[in-house]
>>> print(open('protein-v2.cif').read())   # mmCIF, C-alpha atoms (C1' of nucleotides)
data_structure
loop_
_atom_site.group_PDB
_atom_site.id
_atom_site.type_symbol
_atom_site.label_atom_id
_atom_site.label_comp_id
_atom_site.auth_asym_id
_atom_site.auth_seq_id
_atom_site.Cartn_x
_atom_site.Cartn_y
_atom_site.Cartn_z
ATOM 1 C CA MET A 235 -15.959 -13.343 -12.533
ATOM 2 C CA SER A 236 -15.832 -13.319 -16.273
ATOM 3 C CA PHE A 237 -15.785 -16.470 -18.360
ATOM 4 C CA GLY A 238 -12.538 -16.497 -20.187
ATOM 5 C CA GLY A 239 -13.296 -13.226 -21.799
ATOM 6 C CA GLU A 240 -10.646 -10.975 -23.130
ATOM 7 C CA GLY A 241 -8.753 -9.386 -20.283
ATOM 8 C CA GLU A 242 -8.856 -12.389 -18.006
ATOM 9 C CA ASP A 243 -5.265 -13.220 -18.835
ATOM 10 C CA ALA A 244 -4.171 -9.711 -19.615
ATOM 11 C CA MET A 245 -1.147 -8.361 -17.860
ATOM 12 C CA ARG A 246 -2.057 -5.937 -15.144
ATOM 13 C CA TYR A 247 -0.187 -3.027 -13.674
ATOM 14 C CA TRP A 248 0.307 -1.945 -10.110
ATOM 15 C CA LEU A 249 1.881 0.686 -7.965
ATOM 16 C CA MET A 250 3.535 -0.571 -4.806
ATOM 17 C CA LYS A 251 4.694 1.786 -2.085
ATOM 18 C CA SER A 252 7.775 1.326 -0.017
ATOM 19 C CA GLU A 253 9.546 3.679 2.308
ATOM 20 C CA PRO A 254 13.086 3.849 0.938
ATOM 21 C CA ASP A 255 14.513 4.029 4.468
ATOM 22 C CA VAL A 256 13.003 0.592 4.994
ATOM 23 C CA PHE A 257 13.297 -0.967 1.543
ATOM 24 C CA SER A 258 14.283 0.963 -1.582
ATOM 25 C CA ILE A 259 14.491 0.167 -5.281
ATOM 26 C CA GLN A 260 18.258 -0.051 -4.744
ATOM 27 C CA ASP A 261 17.685 -2.721 -2.126
ATOM 28 C CA LEU A 262 15.502 -4.611 -4.574
ATOM 29 C CA GLU A 263 18.108 -4.267 -7.308
ATOM 30 C CA ARG A 264 20.781 -5.652 -5.015
ATOM 31 C CA LYS A 265 18.650 -8.583 -3.940
ATOM 32 C CA GLY A 266 17.033 -9.237 -7.285
ATOM 33 C CA ARG A 267 13.866 -10.542 -5.745
ATOM 34 C CA GLU A 268 11.968 -9.976 -2.531
ATOM 35 C CA PRO A 269 8.868 -11.231 -0.730
ATOM 36 C CA TRP A 270 6.528 -8.279 -0.294
ATOM 37 C CA ASP A 271 5.727 -9.011 3.332
ATOM 38 C CA GLY A 272 4.086 -6.864 5.959
ATOM 39 C CA VAL A 273 0.952 -5.811 4.095
ATOM 40 C CA ARG A 274 -1.738 -5.472 6.770
ATOM 41 C CA ASN A 275 -4.565 -3.868 4.887
ATOM 42 C CA TYR A 276 -7.421 -5.951 3.536
ATOM 43 C CA GLN A 277 -7.865 -4.105 0.284
ATOM 44 C CA ALA A 278 -4.165 -4.363 -0.529
ATOM 45 C CA ARG A 279 -4.180 -8.020 0.489
ATOM 46 C CA ASN A 280 -7.130 -8.731 -1.776
ATOM 47 C CA PHE A 281 -5.365 -7.164 -4.732
ATOM 48 C CA MET A 282 -2.425 -9.505 -4.173
ATOM 49 C CA ARG A 283 -4.572 -12.539 -3.517
ATOM 50 C CA ASP A 284 -7.207 -12.069 -6.196
ATOM 51 C CA ASP A 285 -5.831 -9.952 -8.968
ATOM 52 C CA MET A 286 -2.047 -10.140 -9.126
ATOM 53 C CA ARG A 287 -0.415 -12.603 -11.451
ATOM 54 C CA PRO A 288 3.222 -13.394 -12.194
ATOM 55 C CA GLY A 289 4.418 -11.059 -14.904
ATOM 56 C CA ASP A 290 2.328 -8.082 -13.831
ATOM 57 C CA GLY A 291 4.150 -4.752 -14.044
ATOM 58 C CA VAL A 292 4.921 -2.737 -10.925
ATOM 59 C CA LEU A 293 5.730 0.926 -10.435
ATOM 60 C CA PHE A 294 8.006 1.008 -7.403
ATOM 61 C CA TYR A 295 6.990 4.084 -5.441
ATOM 62 C CA HIS A 296 9.117 5.653 -2.727
ATOM 63 C CA SER A 297 6.747 6.978 -0.079
ATOM 64 C CA ASN A 298 7.540 9.035 2.974
ATOM 65 C CA ALA A 299 10.631 10.219 1.153
ATOM 66 C CA LYS A 300 12.033 13.600 0.273
ATOM 67 C CA PRO A 301 10.838 13.813 -2.375
ATOM 68 C CA PRO A 302 8.381 10.944 -2.920
ATOM 69 C CA GLY A 303 8.007 9.439 -6.395
ATOM 70 C CA VAL A 304 8.392 6.453 -8.691
ATOM 71 C CA ALA A 305 11.922 5.094 -8.416
ATOM 72 C CA GLY A 306 11.817 2.228 -10.885
ATOM 73 C CA LEU A 307 10.063 -0.835 -12.207
ATOM 74 C CA ALA A 308 9.511 -4.286 -10.809
ATOM 75 C CA ARG A 309 7.540 -7.355 -11.743
ATOM 76 C CA VAL A 310 5.290 -9.686 -9.811
ATOM 77 C CA CYS A 311 6.996 -13.070 -9.875
ATOM 78 C CA SER A 312 4.802 -15.350 -7.773
ATOM 79 C CA GLU A 313 1.216 -16.017 -6.909
ATOM 80 C CA ALA A 314 0.096 -14.867 -3.475
ATOM 81 C CA TYR A 315 1.092 -17.103 -0.579
ATOM 82 C CA PRO A 316 0.909 -16.820 3.220
ATOM 83 C CA ASP A 317 3.011 -14.118 4.864
ATOM 84 C CA PRO A 318 4.974 -15.874 7.629
ATOM 85 C CA THR A 319 5.884 -12.626 9.396
ATOM 86 C CA ALA A 320 2.272 -12.565 10.635
ATOM 87 C CA TRP A 321 2.891 -15.533 12.935
ATOM 88 C CA ASP A 322 6.336 -14.476 14.108
ATOM 89 C CA PRO A 323 5.960 -12.822 17.535
ATOM 90 C CA LYS A 324 9.261 -11.035 17.032
ATOM 91 C CA SER A 325 8.208 -9.470 13.749
ATOM 92 C CA PRO A 326 6.887 -5.919 13.675
ATOM 93 C CA TYR A 327 4.181 -7.327 11.400
ATOM 94 C CA TYR A 328 3.061 -9.943 13.905
ATOM 95 C CA ASP A 329 -0.671 -10.581 13.944
ATOM 96 C CA PRO A 330 -1.787 -13.362 16.282
ATOM 97 C CA ARG A 331 -5.034 -13.798 14.355
ATOM 98 C CA SER A 332 -3.020 -15.326 11.530
ATOM 99 C CA THR A 333 -1.738 -18.888 11.898
ATOM 100 C CA PRO A 334 0.001 -21.320 9.540
ATOM 101 C CA GLU A 335 -3.238 -23.336 9.547
ATOM 102 C CA ARG A 336 -5.406 -20.313 8.827
ATOM 103 C CA PRO A 337 -3.319 -17.520 7.347
ATOM 104 C CA VAL A 338 -4.907 -14.100 7.265
ATOM 105 C CA TRP A 339 -2.208 -12.228 5.390
ATOM 106 C CA VAL A 340 -0.529 -13.025 2.110
ATOM 107 C CA MET A 341 2.327 -11.668 0.037
ATOM 108 C CA VAL A 342 3.742 -11.992 -3.459
ATOM 109 C CA ASP A 343 7.350 -12.055 -4.593
ATOM 110 C CA VAL A 344 8.544 -9.097 -6.604
ATOM 111 C CA GLU A 345 11.612 -8.951 -8.832
ATOM 112 C CA HIS A 346 13.671 -5.987 -9.901
ATOM 113 C CA VAL A 347 13.270 -4.825 -13.487
ATOM 114 C CA ARG A 348 14.785 -1.370 -13.682
ATOM 115 C CA THR A 349 16.023 1.400 -11.458
ATOM 116 C CA PHE A 350 15.202 4.689 -13.119
ATOM 117 C CA PRO A 351 18.218 6.950 -13.725
ATOM 118 C CA ARG A 352 16.316 9.567 -11.770
ATOM 119 C CA LEU A 353 13.313 9.628 -9.488
ATOM 120 C CA ILE A 354 10.066 10.579 -11.184
ATOM 121 C CA THR A 355 8.782 12.794 -8.437
ATOM 122 C CA ARG A 356 5.248 13.021 -7.245
ATOM 123 C CA GLU A 357 5.325 16.629 -8.361
ATOM 124 C CA GLU A 358 6.145 15.510 -11.900
ATOM 125 C CA LEU A 359 3.418 12.902 -11.852
ATOM 126 C CA ALA A 360 0.929 15.494 -10.708
ATOM 127 C CA ALA A 361 1.942 17.796 -13.544
ATOM 128 C CA ALA A 362 1.359 15.172 -16.249
ATOM 129 C CA PRO A 363 -2.115 15.553 -17.801
ATOM 130 C CA ALA A 364 -2.249 11.845 -18.707
ATOM 131 C CA LEU A 365 -1.880 10.956 -15.036
ATOM 132 C CA ALA A 366 -4.623 13.231 -13.770
ATOM 133 C CA SER A 367 -6.691 10.364 -12.403
ATOM 134 C CA MET A 368 -3.829 8.293 -11.058
ATOM 135 C CA MET A 369 -4.856 6.866 -7.717
ATOM 136 C CA VAL A 370 -1.667 7.638 -5.817
ATOM 137 C CA LEU A 371 -2.113 11.338 -6.490
ATOM 138 C CA ARG A 372 -5.470 11.468 -4.804
ATOM 139 C CA ARG A 373 -5.491 13.335 -1.554
ATOM 140 C CA GLY A 374 -5.534 11.068 1.454
ATOM 141 C CA MET A 375 -4.822 7.950 -0.623
ATOM 142 C CA ARG A 376 -2.979 5.641 1.755
ATOM 143 C CA LEU A 377 -3.441 2.299 0.053
ATOM 144 C CA SER A 378 0.008 0.710 -0.308
ATOM 145 C CA ILE A 379 -0.861 -1.407 -3.351
ATOM 146 C CA GLN A 380 -2.856 0.234 -6.101
ATOM 147 C CA PRO A 381 -3.918 -0.771 -9.588
ATOM 148 C CA VAL A 382 -2.685 1.481 -12.378
ATOM 149 C CA THR A 383 -3.799 1.433 -15.987
ATOM 150 C CA GLN A 384 -1.507 0.392 -18.804
ATOM 151 C CA ARG A 385 -1.681 3.935 -20.056
ATOM 152 C CA GLU A 386 -0.570 5.319 -16.711
ATOM 153 C CA PHE A 387 2.212 2.768 -16.476
ATOM 154 C CA GLU A 388 3.506 3.672 -19.912
ATOM 155 C CA GLU A 389 3.149 7.370 -19.268
ATOM 156 C CA VAL A 390 5.318 7.132 -16.154
ATOM 157 C CA CYS A 391 7.924 5.235 -18.168
ATOM 158 C CA ALA A 392 7.769 7.936 -20.829
ATOM 159 C CA LEU A 393 8.508 10.599 -18.231
ATOM 160 C CA VAL A 394 11.859 8.972 -17.508
ATOM 161 C CA GLY A 395 13.148 9.898 -20.918
ATOM 162 C CA SER A 396 11.843 13.441 -20.980
ATOM 163 C "C1'" DG B 161 7.036 18.207 13.254
ATOM 164 C "C1'" DC B 162 2.328 19.037 11.826
ATOM 165 C "C1'" DC B 163 -1.883 17.378 10.816
ATOM 166 C "C1'" DA B 164 -5.579 15.753 7.492
ATOM 167 C "C1'" DA B 165 -7.366 11.650 6.006
ATOM 168 C "C1'" DC B 166 -8.131 7.237 6.641
ATOM 169 C "C1'" DG B 167 -8.811 2.332 8.678
ATOM 170 C "C1'" DT B 168 -9.617 -0.160 12.820
ATOM 171 C "C1'" DT B 169 -11.274 -0.993 17.385
ATOM 172 C "C1'" DG B 170 -14.451 -1.470 20.907
ATOM 173 C "C1'" DG B 171 -18.219 0.265 23.935
ATOM 174 C "C1'" DC B 172 -22.868 0.528 23.713
ATOM 175 C "C1'" DG C 229 -24.825 -1.694 13.664
ATOM 176 C "C1'" DC C 230 -23.373 2.894 15.080
ATOM 177 C "C1'" DC C 231 -19.846 5.900 15.845
ATOM 178 C "C1'" DA C 232 -16.255 8.126 18.841
ATOM 179 C "C1'" DA C 233 -11.656 7.355 19.953
ATOM 180 C "C1'" DC C 234 -7.472 5.991 18.538
ATOM 181 C "C1'" DG C 235 -3.357 4.785 15.764
ATOM 182 C "C1'" DT C 236 -1.199 5.138 11.291
ATOM 183 C "C1'" DT C 237 0.031 7.021 6.853
ATOM 184 C "C1'" DG C 238 2.369 10.098 4.319
ATOM 185 C "C1'" DG C 239 2.543 14.680 2.010
ATOM 186 C "C1'" DC C 240 4.011 18.977 3.178
#
>>> encode(input="protein-v2.cif", output="structure tokens")
Amino acid sequence: MSFGGEGEDAMRYWLMKSEPDVFSIQDLERKGREPWDGVRNYQARNFMRDDMRPGDGVLFYHSNAKPPGVAGLARVCSEAYPDPTAWDPKSPYYDPRSTPERPVWVMVDVEHVRTFPRLITREELAAAPALASMMVLRRGMRLSIQPVTQREFEEVCALVGS
DNA sequence: GCCAACGTTGGC
DNA sequence: GCCAACGTTGGC
């Protein structure tokens, strides 16, 4: 941990994957705000729990789609808190190891910011030199919540207008 | 639908 | 603690 150094309070940027058949940017736009439940990967959980702050920028990525790509922008609008779907036996995200007393899984709330007028496809991202080291483009990268740099975030936004 | 890459599980 | 087997992710 740093000691109040520069960057401690800086806004961070993320990419969050969602399968549009399950929950799309249009769904988020309609609802305005949504709890990002169902994350069952420790690395992704730790990002939410330890590093996400309200106000952080989010690239909303449509995965498992034809084609995949960034569909719009969202914003983190809560701190991490326990994911109740983990202790609901009827939920597809049920995990009996998690209890209200000792939650294993957490989520944040995310609010809609902008639906892009067109999808910025994975192909386009891959063709942008400034995005060469973007995590989501790495082969075999399955992590559903990924940090992105401010530069990458802004570059994706810039692609919308081009 | 295929399958490579990855994370998790569980036997030992 | 190792690692093979398995289930899942997700691009293609």
>>> atom_distance(input="protein-v2.cif", atom1="CA of Asp329 in chain A", atom2="CA of Ile259 in chain A")
26.7 Å
>>> residues_around(input="protein-v2.cif", residues="DT237 in chain C", least_positions_apart="2", cutoff="10 Å", atoms="all atoms listed in the file", output="PyMOL selection string")
(chain A and resi 297-298+374-378) or (chain B and resi 165-166) or (chain C and resi 235+239)
>>> atom_distance(input="protein-v2.cif", atom1="C1' of DC231 in chain C", atom2="CA of Gly272 in chain A")
28.9 Å
>>> atom_distance(input="protein-v2.cif", atom1="CA of Arg274 in chain A", atom2="CA of Arg287 in chain A")
19.6 Å
>>> closest_residue(input="protein-v2.cif", among="A:Val338, A:Gly289, A:Ala299, A:Asp343", to="chain C", atoms="all atoms listed in the file")
A:Ala299
>>> residues_around(input="protein-v2.cif", residues="Trp270 in chain A", least_positions_apart="4", cutoff="9 Å", atoms="only C-alpha atoms (C1' of nucleotides)", output="count of residues only")
6
>>> closest_residue(input="protein-v2.cif", among="A:Arg385, A:Lys300, A:Arg336, A:Arg279", to="DC240 in chain C", atoms="only C-alpha atoms (C1' of nucleotides)")
A:Lys300
>>> closest_residue(input="protein-v2.cif", among="A:Arg372, A:Pro269, A:Val292, A:Ala305", to="chain B", atoms="only C-alpha atoms (C1' of nucleotides)")
A:Arg372
>>> resolve_selection(input="protein-v2.cif", expression="the PyMOL selection byres ((chain A and resi 392) around 12)", output="list in words")
Phe350, Ile354, Glu358, Leu359, Ala362, Ala364, Leu365, Arg385, Glu386, Phe387, Glu388, Glu389, Val390, Cys391, Leu393, Val394, Gly395 and Ser396 of chain A
>>> closest_residue(input="protein-v2.cif", among="A:Arg331, A:Lys324, A:Lys251, A:Arg352", to="chain C", atoms="all atoms listed in the file")
A:Lys251
>>> closest_residue(input="protein-v2.cif", among="A:Thr319, A:Val347, A:Gly291, A:Arg373", to="chain B", atoms="only C-alpha atoms (C1' of nucleotides)")
A:Arg373
>>> residues_around(input="protein-v2.cif", residues="His346 in chain A", least_positions_apart="3", cutoff="8 Å", atoms="only C-alpha atoms (C1' of nucleotides)", output="short mmCIF file (atom, residue, chain, number, x, y, z; two decimals) with C-alpha atoms, in the frame of the given file")
data_model
loop_
_atom_site.label_atom_id
_atom_site.label_comp_id
_atom_site.auth_asym_id
_atom_site.auth_seq_id
_atom_site.Cartn_x
_atom_site.Cartn_y
_atom_site.Cartn_z
CA ILE A 259 14.49 0.17 -5.28
CA LEU A 262 15.50 -4.61 -4.57
CA GLU A 263 18.11 -4.27 -7.31
CA GLY A 266 17.03 -9.24 -7.28
CA ARG A 267 13.87 -10.54 -5.74
CA LEU A 307 10.06 -0.84 -12.21
CA ALA A 308 9.51 -4.29 -10.81
CA ARG A 309 7.54 -7.36 -11.74
CA THR A 349 16.02 1.40 -11.46
#
>>> closest_residue(input="protein-v2.cif", among="A:Pro318, A:Asn275, A:Ser312, A:Pro330", to="chain C", atoms="all atoms listed in the file")
A:Asn275
>>> build_atoms(input="protein-v2.cif", residues="range 280-291 of chain A", atoms="all heavy atoms", output="JSON list (two decimals), in the coordinates of the input")
[["chain", "number", "residue", "atom", "x", "y", "z"],
["A", 280, "ASN", "N", -6.24, -8.15, -0.76],
["A", 280, "ASN", "CA", -7.13, -8.73, -1.78],
["A", 280, "ASN", "C", -6.60, -8.51, -3.19],
["A", 280, "ASN", "O", -6.77, -9.38, -4.04],
["A", 280, "ASN", "CB", -8.54, -8.16, -1.62],
["A", 280, "ASN", "CG", -9.19, -8.58, -0.32],
["A", 280, "ASN", "OD1", -8.69, -9.46, 0.38],
["A", 280, "ASN", "ND2", -10.29, -7.94, 0.02],
["A", 281, "PHE", "N", -5.99, -7.37, -3.42],
["A", 281, "PHE", "CA", -5.36, -7.16, -4.73],
["A", 281, "PHE", "C", -4.32, -8.24, -4.98],
["A", 281, "PHE", "O", -4.25, -8.82, -6.06],
["A", 281, "PHE", "CB", -4.71, -5.78, -4.81],
["A", 281, "PHE", "CG", -5.68, -4.67, -5.09],
["A", 281, "PHE", "CD1", -5.57, -3.46, -4.40],
["A", 281, "PHE", "CD2", -6.67, -4.80, -6.05],
["A", 281, "PHE", "CE1", -6.46, -2.42, -4.66],
["A", 281, "PHE", "CE2", -7.56, -3.76, -6.32],
["A", 281, "PHE", "CZ", -7.44, -2.56, -5.62],
["A", 282, "MET", "N", -3.48, -8.50, -3.99],
["A", 282, "MET", "CA", -2.42, -9.51, -4.17],
["A", 282, "MET", "C", -3.03, -10.88, -4.36],
["A", 282, "MET", "O", -2.62, -11.65, -5.23],
["A", 282, "MET", "CB", -1.48, -9.52, -2.96],
["A", 282, "MET", "CG", -0.60, -8.28, -2.87],
["A", 282, "MET", "SD", 0.81, -8.50, -1.77],
["A", 282, "MET", "CE", -0.01, -8.47, -0.18],
["A", 283, "ARG", "N", -4.00, -11.19, -3.53],
["A", 283, "ARG", "CA", -4.57, -12.54, -3.52],
["A", 283, "ARG", "C", -5.42, -12.82, -4.75],
["A", 283, "ARG", "O", -5.36, -13.91, -5.33],
["A", 283, "ARG", "CB", -5.43, -12.70, -2.26],
["A", 283, "ARG", "CG", -5.93, -14.11, -2.02],
["A", 283, "ARG", "CD", -6.93, -14.12, -0.89],
["A", 283, "ARG", "NE", -8.11, -13.31, -1.21],
["A", 283, "ARG", "CZ", -9.05, -12.96, -0.33],
["A", 283, "ARG", "NH1", -8.94, -13.35, 0.92],
["A", 283, "ARG", "NH2", -10.07, -12.23, -0.70],
["A", 284, "ASP", "N", -6.20, -11.81, -5.18],
["A", 284, "ASP", "CA", -7.21, -12.07, -6.20],
["A", 284, "ASP", "C", -6.83, -11.59, -7.59],
["A", 284, "ASP", "O", -7.34, -12.12, -8.57],
["A", 284, "ASP", "CB", -8.53, -11.39, -5.80],
["A", 284, "ASP", "CG", -9.02, -11.85, -4.42],
["A", 284, "ASP", "OD1", -8.68, -12.98, -4.02],
["A", 284, "ASP", "OD2", -9.71, -11.06, -3.76],
["A", 285, "ASP", "N", -6.02, -10.60, -7.67],
["A", 285, "ASP", "CA", -5.83, -9.95, -8.97],
["A", 285, "ASP", "C", -4.41, -9.96, -9.50],
["A", 285, "ASP", "O", -4.19, -9.75, -10.68],
["A", 285, "ASP", "CB", -6.31, -8.49, -8.89],
["A", 285, "ASP", "CG", -7.79, -8.41, -8.54],
["A", 285, "ASP", "OD1", -8.57, -9.20, -9.10],
["A", 285, "ASP", "OD2", -8.17, -7.57, -7.70],
["A", 286, "MET", "N", -3.43, -10.16, -8.63],
["A", 286, "MET", "CA", -2.05, -10.14, -9.13],
["A", 286, "MET", "C", -1.68, -11.48, -9.74],
["A", 286, "MET", "O", -2.07, -12.53, -9.23],
["A", 286, "MET", "CB", -1.08, -9.84, -7.99],
["A", 286, "MET", "CG", -0.93, -8.38, -7.70],
["A", 286, "MET", "SD", 0.45, -8.13, -6.57],
["A", 286, "MET", "CE", 0.44, -6.34, -6.52],
["A", 287, "ARG", "N", -0.92, -11.40, -10.81],
["A", 287, "ARG", "CA", -0.42, -12.60, -11.45],
["A", 287, "ARG", "C", 1.06, -12.41, -11.78],
["A", 287, "ARG", "O", 1.49, -11.28, -12.03],
["A", 287, "ARG", "CB", -1.17, -12.87, -12.76],
["A", 287, "ARG", "CG", -2.65, -13.20, -12.58],
["A", 287, "ARG", "CD", -2.87, -14.54, -11.88],
["A", 287, "ARG", "NE", -4.27, -14.79, -11.62],
["A", 287, "ARG", "CZ", -4.87, -14.53, -10.45],
["A", 287, "ARG", "NH1", -4.18, -14.00, -9.45],
["A", 287, "ARG", "NH2", -6.15, -14.79, -10.28],
["A", 288, "PRO", "N", 1.82, -13.51, -11.79],
["A", 288, "PRO", "CA", 3.22, -13.39, -12.19],
["A", 288, "PRO", "C", 3.31, -12.71, -13.56],
["A", 288, "PRO", "O", 2.54, -13.03, -14.46],
["A", 288, "PRO", "CB", 3.69, -14.86, -12.27],
["A", 288, "PRO", "CG", 2.80, -15.59, -11.30],
["A", 288, "PRO", "CD", 1.46, -14.89, -11.39],
["A", 289, "GLY", "N", 4.24, -11.80, -13.66],
["A", 289, "GLY", "CA", 4.42, -11.06, -14.90],
["A", 289, "GLY", "C", 3.81, -9.67, -14.88],
["A", 289, "GLY", "O", 4.14, -8.83, -15.72],
["A", 290, "ASP", "N", 2.93, -9.41, -13.92],
["A", 290, "ASP", "CA", 2.33, -8.08, -13.83],
["A", 290, "ASP", "C", 3.40, -7.02, -13.59],
["A", 290, "ASP", "O", 4.37, -7.25, -12.87],
["A", 290, "ASP", "CB", 1.31, -8.01, -12.68],
["A", 290, "ASP", "CG", -0.01, -8.71, -13.02],
["A", 290, "ASP", "OD1", -0.15, -9.22, -14.14],
["A", 290, "ASP", "OD2", -0.90, -8.72, -12.14],
["A", 291, "GLY", "N", 3.20, -5.85, -14.17],
["A", 291, "GLY", "CA", 4.15, -4.75, -14.04],
["A", 291, "GLY", "C", 3.92, -3.95, -12.78],
["A", 291, "GLY", "O", 2.78, -3.78, -12.34]]
